[in-house]
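Visitor: Have a peek at upload-v8.cif (mmCIF, C-alpha atoms).
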data_model
#
loop_
_atom_site.group_PDB
_atom_site.id
_atom_site.type_symbol
_atom_site.label_atom_id
_atom_site.label_comp_id
_atom_site.auth_asym_id
_atom_site.auth_seq_id
_atom_site.Cartn_x
_atom_site.Cartn_y
_atom_site.Cartn_z
ATOM 1 C CA MET A 1 -9.217 -24.096 13.016
ATOM 2 C CA LYS A 2 -8.451 -20.434 13.753
ATOM 3 C CA PRO A 3 -10.580 -17.795 11.966
ATOM 4 C CA ALA A 4 -7.735 -16.618 9.677
ATOM 5 C CA ALA A 5 -6.950 -20.172 8.588
ATOM 6 C CA ALA A 6 -10.646 -21.009 8.121
ATOM 7 C CA ALA A 7 -11.167 -17.895 5.971
ATOM 8 C CA LEU A 8 -8.112 -18.622 3.815
ATOM 9 C CA ALA A 9 -9.108 -22.289 3.463
ATOM 10 C CA ALA A 10 -12.631 -21.251 2.404
ATOM 11 C CA ILE A 11 -11.279 -18.764 -0.142
ATOM 12 C CA LEU A 12 -8.878 -21.361 -1.554
ATOM 13 C CA GLY A 13 -11.709 -23.898 -1.769
ATOM 14 C CA ILE A 14 -14.034 -21.493 -3.572
ATOM 15 C CA GLY A 15 -11.265 -20.639 -6.049
ATOM 16 C CA ALA A 16 -10.649 -24.304 -6.794
ATOM 17 C CA THR A 17 -14.359 -25.032 -7.193
ATOM 18 C CA LEU A 18 -15.033 -22.146 -9.539
ATOM 19 C CA GLY A 19 -11.834 -22.646 -11.541
ATOM 20 C CA LEU A 20 -11.363 -18.909 -11.901
ATOM 21 C CA THR A 21 -8.437 -17.621 -13.923
ATOM 22 C CA GLY A 22 -6.625 -14.301 -13.725
ATOM 23 C CA CYS A 23 -6.245 -11.951 -16.623
ATOM 24 C CA ALA A 24 -2.894 -10.992 -18.081
ATOM 25 C CA GLY A 25 -3.246 -7.291 -17.251
ATOM 26 C CA THR A 26 -0.887 -4.488 -18.184
ATOM 27 C CA GLY A 27 2.759 -5.153 -19.024
ATOM 28 C CA VAL A 28 5.749 -2.984 -18.068
ATOM 29 C CA GLU A 29 6.107 -1.735 -21.637
ATOM 30 C CA LYS A 30 3.275 0.696 -20.897
ATOM 31 C CA TYR A 31 5.677 2.558 -18.555
ATOM 32 C CA LYS A 32 8.757 2.672 -20.839
ATOM 33 C CA ASP A 33 8.638 6.467 -21.175
ATOM 34 C CA THR A 34 7.903 7.280 -17.519
ATOM 35 C CA THR A 35 10.388 8.923 -15.198
ATOM 36 C CA PRO A 36 12.289 8.731 -13.012
ATOM 37 C CA GLU A 37 13.746 5.538 -14.411
ATOM 38 C CA LEU A 38 13.889 2.722 -11.874
ATOM 39 C CA ASP A 39 17.264 1.043 -11.468
ATOM 40 C CA LEU A 40 17.191 -1.598 -8.706
ATOM 41 C CA LYS A 41 20.951 -1.351 -8.111
ATOM 42 C CA THR A 42 20.608 2.352 -7.372
ATOM 43 C CA TYR A 43 17.344 2.357 -5.413
ATOM 44 C CA PHE A 44 17.926 -0.786 -3.362
ATOM 45 C CA ASN A 45 21.393 0.157 -2.160
ATOM 46 C CA GLY A 46 22.014 0.846 1.523
ATOM 47 C CA PRO A 47 19.400 1.182 4.272
ATOM 48 C CA LEU A 48 15.696 1.685 3.495
ATOM 49 C CA GLU A 49 12.441 1.578 5.413
ATOM 50 C CA ALA A 50 8.957 0.629 4.304
ATOM 51 C CA TRP A 51 5.460 0.708 5.783
ATOM 52 C CA GLY A 52 2.648 -1.466 4.570
ATOM 53 C CA MET A 53 -0.603 -3.303 5.136
ATOM 54 C CA PHE A 54 -2.388 -6.434 3.993
ATOM 55 C CA GLN A 55 -6.020 -6.046 2.923
ATOM 56 C CA ASP A 56 -8.368 -8.989 2.412
ATOM 57 C CA ARG A 57 -10.345 -9.275 -0.826
ATOM 58 C CA GLY A 58 -13.129 -7.164 0.683
ATOM 59 C CA GLY A 59 -10.684 -4.304 1.391
ATOM 60 C CA ALA A 60 -10.492 -4.712 5.193
ATOM 61 C CA VAL A 61 -7.028 -4.117 6.650
ATOM 62 C CA VAL A 62 -5.999 -7.398 8.287
ATOM 63 C CA LYS A 63 -2.402 -6.583 9.280
ATOM 64 C CA ARG A 64 -0.001 -3.650 9.173
ATOM 65 C CA PHE A 65 3.792 -3.806 9.190
ATOM 66 C CA HIS A 66 7.065 -1.886 9.167
ATOM 67 C CA VAL A 67 10.180 -3.166 7.367
ATOM 68 C CA ARG A 68 13.821 -2.214 7.809
ATOM 69 C CA ILE A 69 15.884 -3.201 4.771
ATOM 70 C CA GLN A 70 19.617 -3.388 4.229
ATOM 71 C CA ALA A 71 20.382 -3.701 0.517
ATOM 72 C CA ASP A 72 23.782 -4.306 -1.064
ATOM 73 C CA TRP A 73 25.032 -5.238 -4.538
ATOM 74 C CA GLN A 74 28.127 -7.097 -5.726
ATOM 75 C CA GLY A 75 28.197 -6.748 -9.497
ATOM 76 C CA ASP A 76 24.834 -7.913 -10.851
ATOM 77 C CA THR A 77 23.813 -9.705 -7.628
ATOM 78 C CA GLY A 78 21.920 -7.862 -4.914
ATOM 79 C CA THR A 79 20.935 -8.885 -1.383
ATOM 80 C CA LEU A 80 17.918 -7.346 0.342
ATOM 81 C CA ASP A 81 17.778 -8.245 4.038
ATOM 82 C CA GLU A 82 14.212 -7.395 5.139
ATOM 83 C CA ARG A 83 13.252 -7.364 8.849
ATOM 84 C CA PHE A 84 9.509 -7.071 9.462
ATOM 85 C CA THR A 85 7.699 -5.880 12.585
ATOM 86 C CA TRP A 86 3.982 -6.730 12.376
ATOM 87 C CA SER A 87 1.076 -4.891 14.038
ATOM 88 C CA ASP A 88 0.455 -7.905 16.311
ATOM 89 C CA GLY A 89 3.993 -7.587 17.725
ATOM 90 C CA THR A 90 5.508 -10.523 15.833
ATOM 91 C CA THR A 91 8.658 -10.224 13.738
ATOM 92 C CA SER A 92 9.929 -12.014 10.639
ATOM 93 C CA ARG A 93 12.786 -11.844 8.190
ATOM 94 C CA ARG A 94 13.156 -12.419 4.460
ATOM 95 C CA VAL A 95 16.467 -12.256 2.600
ATOM 96 C CA TRP A 96 16.152 -11.779 -1.149
ATOM 97 C CA THR A 97 18.944 -12.546 -3.608
ATOM 98 C CA ILE A 98 18.312 -10.666 -6.848
ATOM 99 C CA VAL A 99 20.304 -11.238 -10.024
ATOM 100 C CA GLN A 100 20.098 -8.737 -12.877
ATOM 101 C CA GLN A 101 19.838 -10.533 -16.232
ATOM 102 C CA ALA A 102 20.783 -9.325 -19.707
ATOM 103 C CA PRO A 103 18.235 -6.782 -20.937
ATOM 104 C CA GLY A 104 15.463 -7.936 -23.235
ATOM 105 C CA PRO A 105 15.566 -7.033 -26.951
ATOM 106 C CA ASP A 106 13.135 -4.168 -26.265
ATOM 107 C CA GLY A 107 15.402 -2.740 -23.537
ATOM 108 C CA ARG A 108 13.404 -4.012 -20.563
ATOM 109 C CA LYS A 109 15.502 -4.788 -17.497
ATOM 110 C CA ARG A 110 15.094 -8.357 -16.291
ATOM 111 C CA TYR A 111 15.694 -9.851 -12.851
ATOM 112 C CA LEU A 112 15.519 -13.214 -11.101
ATOM 113 C CA GLY A 113 14.967 -13.367 -7.347
ATOM 114 C CA THR A 114 15.070 -16.030 -4.648
ATOM 115 C CA ALA A 115 14.261 -16.141 -0.931
ATOM 116 C CA ASP A 116 13.661 -18.971 1.542
ATOM 117 C CA ASP A 117 9.869 -18.621 1.362
ATOM 118 C CA VAL A 118 9.685 -18.069 -2.407
ATOM 119 C CA VAL A 119 8.804 -21.224 -4.343
ATOM 120 C CA GLY A 120 11.196 -21.422 -7.302
ATOM 121 C CA GLN A 121 12.298 -18.033 -8.633
ATOM 122 C CA ALA A 122 10.678 -14.624 -8.785
ATOM 123 C CA GLN A 123 10.615 -13.208 -12.309
ATOM 124 C CA GLY A 124 10.981 -9.453 -12.640
ATOM 125 C CA GLU A 125 10.993 -6.961 -15.467
ATOM 126 C CA ALA A 126 11.265 -3.182 -15.442
ATOM 127 C CA MET A 127 10.780 -0.296 -17.858
ATOM 128 C CA GLY A 128 10.617 3.395 -17.047
ATOM 129 C CA ASN A 129 9.607 3.897 -13.426
ATOM 130 C CA ALA A 130 7.858 0.510 -13.035
ATOM 131 C CA LEU A 131 8.920 -2.980 -11.979
ATOM 132 C CA ARG A 132 6.728 -6.068 -12.066
ATOM 133 C CA TRP A 133 7.625 -9.109 -9.933
ATOM 134 C CA ARG A 134 5.769 -12.396 -10.237
ATOM 135 C CA TYR A 135 6.382 -15.195 -7.771
ATOM 136 C CA VAL A 136 4.840 -17.844 -5.547
ATOM 137 C CA LEU A 137 5.195 -17.362 -1.796
ATOM 138 C CA ALA A 138 4.940 -20.185 0.750
ATOM 139 C CA LEU A 139 2.644 -18.409 3.217
ATOM 140 C CA PRO A 140 2.229 -19.943 6.700
ATOM 141 C CA VAL A 141 -1.228 -19.535 8.257
ATOM 142 C CA ASP A 142 -2.069 -21.197 11.582
ATOM 143 C CA GLY A 143 0.234 -24.187 11.163
ATOM 144 C CA LYS A 144 -0.423 -24.772 7.453
ATOM 145 C CA THR A 145 1.528 -23.469 4.466
ATOM 146 C CA TYR A 146 -0.263 -22.221 1.346
ATOM 147 C CA HIS A 147 1.445 -21.462 -1.975
ATOM 148 C CA VAL A 148 0.083 -18.068 -3.004
ATOM 149 C CA ASP A 149 0.719 -16.226 -6.291
ATOM 150 C CA PHE A 150 1.966 -12.635 -6.043
ATOM 151 C CA ASP A 151 1.737 -10.098 -8.866
ATOM 152 C CA ASP A 152 3.881 -7.337 -7.436
ATOM 153 C CA TRP A 153 4.131 -3.849 -9.001
ATOM 154 C CA MET A 154 6.582 -1.159 -7.850
ATOM 155 C CA TYR A 155 6.484 2.453 -9.054
ATOM 156 C CA LEU A 156 9.385 4.829 -8.394
ATOM 157 C CA GLN A 157 8.060 8.278 -7.456
ATOM 158 C CA ASP A 158 11.371 10.094 -6.924
ATOM 159 C CA GLU A 159 14.835 9.140 -5.679
ATOM 160 C CA ARG A 160 13.461 8.507 -2.166
ATOM 161 C CA VAL A 161 9.914 7.127 -2.460
ATOM 162 C CA MET A 162 8.664 4.002 -4.220
ATOM 163 C CA LEU A 163 5.105 2.662 -4.002
ATOM 164 C CA ASN A 164 4.323 -1.053 -4.180
ATOM 165 C CA ARG A 165 1.032 -2.864 -4.767
ATOM 166 C CA SER A 166 0.869 -6.664 -4.707
ATOM 167 C CA ALA A 167 -2.160 -8.711 -5.708
ATOM 168 C CA MET A 168 -2.357 -12.101 -3.978
ATOM 169 C CA SER A 169 -4.218 -14.967 -5.639
ATOM 170 C CA LYS A 170 -4.612 -18.725 -5.637
ATOM 171 C CA TRP A 171 -5.810 -20.578 -8.768
ATOM 172 C CA GLY A 172 -6.562 -17.147 -10.282
ATOM 173 C CA PHE A 173 -8.888 -16.230 -7.386
ATOM 174 C CA ARG A 174 -7.989 -12.941 -5.697
ATOM 175 C CA LEU A 175 -7.229 -13.286 -1.971
ATOM 176 C CA GLY A 176 -6.249 -9.708 -1.153
ATOM 177 C CA GLU A 177 -3.454 -7.231 -1.663
ATOM 178 C CA VAL A 178 -0.434 -5.727 0.009
ATOM 179 C CA ILE A 179 0.199 -1.982 -0.216
ATOM 180 C CA LEU A 180 3.695 -0.768 0.653
ATOM 181 C CA SER A 181 5.594 2.522 0.639
ATOM 182 C CA PHE A 182 9.422 2.463 0.547
ATOM 183 C CA ASP A 183 11.576 5.366 1.721
ATOM 184 C CA ARG A 184 15.308 5.843 1.213
ATOM 185 C CA PRO A 185 17.168 8.222 3.518
ATOM 186 C CA ALA A 186 17.840 11.628 1.990
ATOM 187 C CA SER A 187 21.282 12.065 0.484
ATOM 188 C CA PRO A 188 23.483 14.785 2.041
ATOM 189 C CA ALA A 189 22.697 17.048 -0.963
ATOM 190 C CA GLN A 190 18.933 16.797 -0.182
ATOM 191 C CA ARG A 191 19.216 17.707 3.510
#
Write out the structure in this file as structure tokens.
Guide:
Amino acid sequence: MKPAAAALAAILGIGATLGLTGCAGTGVEKYKDTTPELDLKTYFNGPLEAWGMFQDRGGAVVKRFHVRIQADWQGDTGTLDERFTWSDGTTSRRVWTIVQQAPGPDGRKRYLGTADDVVGQAQGEAMGNALRWRYVLALPVDGKTYHVDFDDWMYLQDERVMLNRSAMSKWGFRLGEVILSFDRPASPAQR
């Protein structure tokens, strides 16, 4: 077994043995009065780039990556075509289909998302400048596939920059996190 697979297998085993559970944490309602207001149809529209890294649960950077994204919407359905280049030279692709749902009674924006490596549907909700995605990702590691829970938070900084922090866990046991910074090209008025 390769070191990365052995480490992940050990972490998954410890989590199962201890039966740890995650806590509910903060909800998006905390951000309802923050600005600028995040609208996925506006932000994820056209070409974007992002830079990120995966850190293990001890904080060590395991992998870095760059993503080129082409995002388009038809009505309430958006497509995000993400093309990753990883620090080890490998490449991958994920295509998200995001459907905006009717807003909640408290005004929160709600979204459902699917992709080939997402198990079931991603559930998203947004208020103010924040979006929270929750989903299970089928993550391949050295010939095996693990279903890993993602608690994904995005925070719009301005019309160009959005920061993203994703906690990865299995059976409530924290495996690591992904940190990501999105950048939209400047509009002609900003240049």
Visitor: Between A:Val28, A:Met53, A:Met162, A:Ala186, single out the one closest to Asp106 in chain A, counting all atoms listed in the file.
Guide: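 Checking each candidate against Asp106 in chain A, we get A:Val28 as the closest.
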Visitor: Just the number, please: distance in Å from CA of Leu156 in chain A to CA of Thr35 in chain A, one decimal.
Guide: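 So the answer is 8.0 Å.
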Visitor: I'd like the neighbourhood of range 41-45 of chain A as number ranges by chain, where a residue qualifies if any of its atoms comes within 10 Å (using only C-alpha atoms), though same-chain residues fewer than 2 positions away should be ignored.
Guide: A: 38-39, 47-48, 69-80, 98, 100, 156, 158-162, 182-184
Visitor: Produce a table with one row for each residue of range 141-174 of chain A that has an atom at most 12 Å from any atom of range 118-131 of chain A, each row naming the nearest atom pair and its distance in Å at one decimal; use only C-alpha atoms; arrange rows by chain and rising residue number; format as a Markdown table.
Guide:
| residue | atom | partner | partner_atom | distance |
| --- | --- | --- | --- | --- |
| A:Thr145 | CA | A:Val119 | CA | 11.6 |
| A:Tyr146 | CA | A:Val119 | CA | 10.8 |
| A:His147 | CA | A:Val119 | CA | 7.7 |
| A:Val148 | CA | A:Val119 | CA | 9.4 |
| A:Asp149 | CA | A:Val119 | CA | 9.7 |
| A:Phe150 | CA | A:Ala122 | CA | 9.3 |
| A:Asp151 | CA | A:Gly124 | CA | 10.0 |
| A:Asp152 | CA | A:Leu131 | CA | 8.1 |
| A:Trp153 | CA | A:Leu131 | CA | 5.7 |
| A:Met154 | CA | A:Leu131 | CA | 5.1 |
| A:Tyr155 | CA | A:Ala130 | CA | 4.6 |
| A:Leu156 | CA | A:Asn129 | CA | 5.1 |
| A:Gln157 | CA | A:Asn129 | CA | 7.6 |
| A:Asp158 | CA | A:Asn129 | CA | 9.2 |
| A:Glu159 | CA | A:Asn129 | CA | 10.7 |
| A:Val161 | CA | A:Asn129 | CA | 11.4 |
| A:Met162 | CA | A:Asn129 | CA | 9.3 |
| A:Leu163 | CA | A:Ala130 | CA | 9.7 |
| A:Asn164 | CA | A:Leu131 | CA | 9.3 |
| A:Arg165 | CA | A:Leu131 | CA | 10.7 |
| A:Ser166 | CA | A:Leu131 | CA | 11.5 |
Visitor: Using CA of Pro140 in chain A and CA of Ser87 in chain A as the two end points, give the distance in Å to one decimal.
Guide: 16.8 Å
Visitor: Could you check how far CA of Ala60 in chain A sits from CA of Ile179 in chain A, in Å to one decimal?
Guide: 12.3 Å
Visitor: Work out where the centre of an axis-aligned box around every listed atom of range 164-167 of chain A lies and how long its edges are once 3 Å is added on each side; give both in Å to one decimal as JSON.
Guide:
{"center_x": 1.1, "center_y": -4.9, "center_z": -4.9, "size_x": 12.5, "size_y": 13.7, "size_z": 7.5}
Visitor: With the file shown as input, list the residues that the PyMOL selection byres ((chain A and resi 54) around 12) selects, as a list in words.
Guide: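 What the PyMOL selection byres ((chain A and resi 54) around 12) grabs from the file is Trp51, Gly52, Met53, Gln55, Asp56, Arg57, Gly58, Gly59, Ala60, Val61, Val62, Lys63, Arg64, Phe65, His66, Trp86, Ser87, Asn164, Arg165, Ser166, Ala167, Met168, Leu175, Gly176, Glu177, Val178, Ile179 and Leu180 of chain A.
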Visitor: Quick one: everything within 8 Å of Gln101 in chain A, counting all atoms listed in the file, minus sequence neighbours fewer than 2 positions away in the same chain. Send it as a list of chain:residue names.
Guide: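 In the requested format, the answer is A:Asp76, A:Val99, A:Pro103, A:Lys109, A:Arg110, A:Tyr111, A:Leu112.
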Visitor: Find the residue from A:Arg83, A:Arg68, A:Arg132, A:Lys144 that sits nearest to Leu40 in chain A; use all atoms listed in the file when measuring.
Guide: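 Closest to Leu40 in chain A of all the choices is A:Arg132.
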Visitor: Which residue out of A:Ala102, A:Thr85, A:Arg108, A:Gly46 has the minimum interatomic distance to Lys32 in chain A when all atoms listed in the file are used?
Guide: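 For Lys32 in chain A, the nearest of the given residues is A:Arg108.
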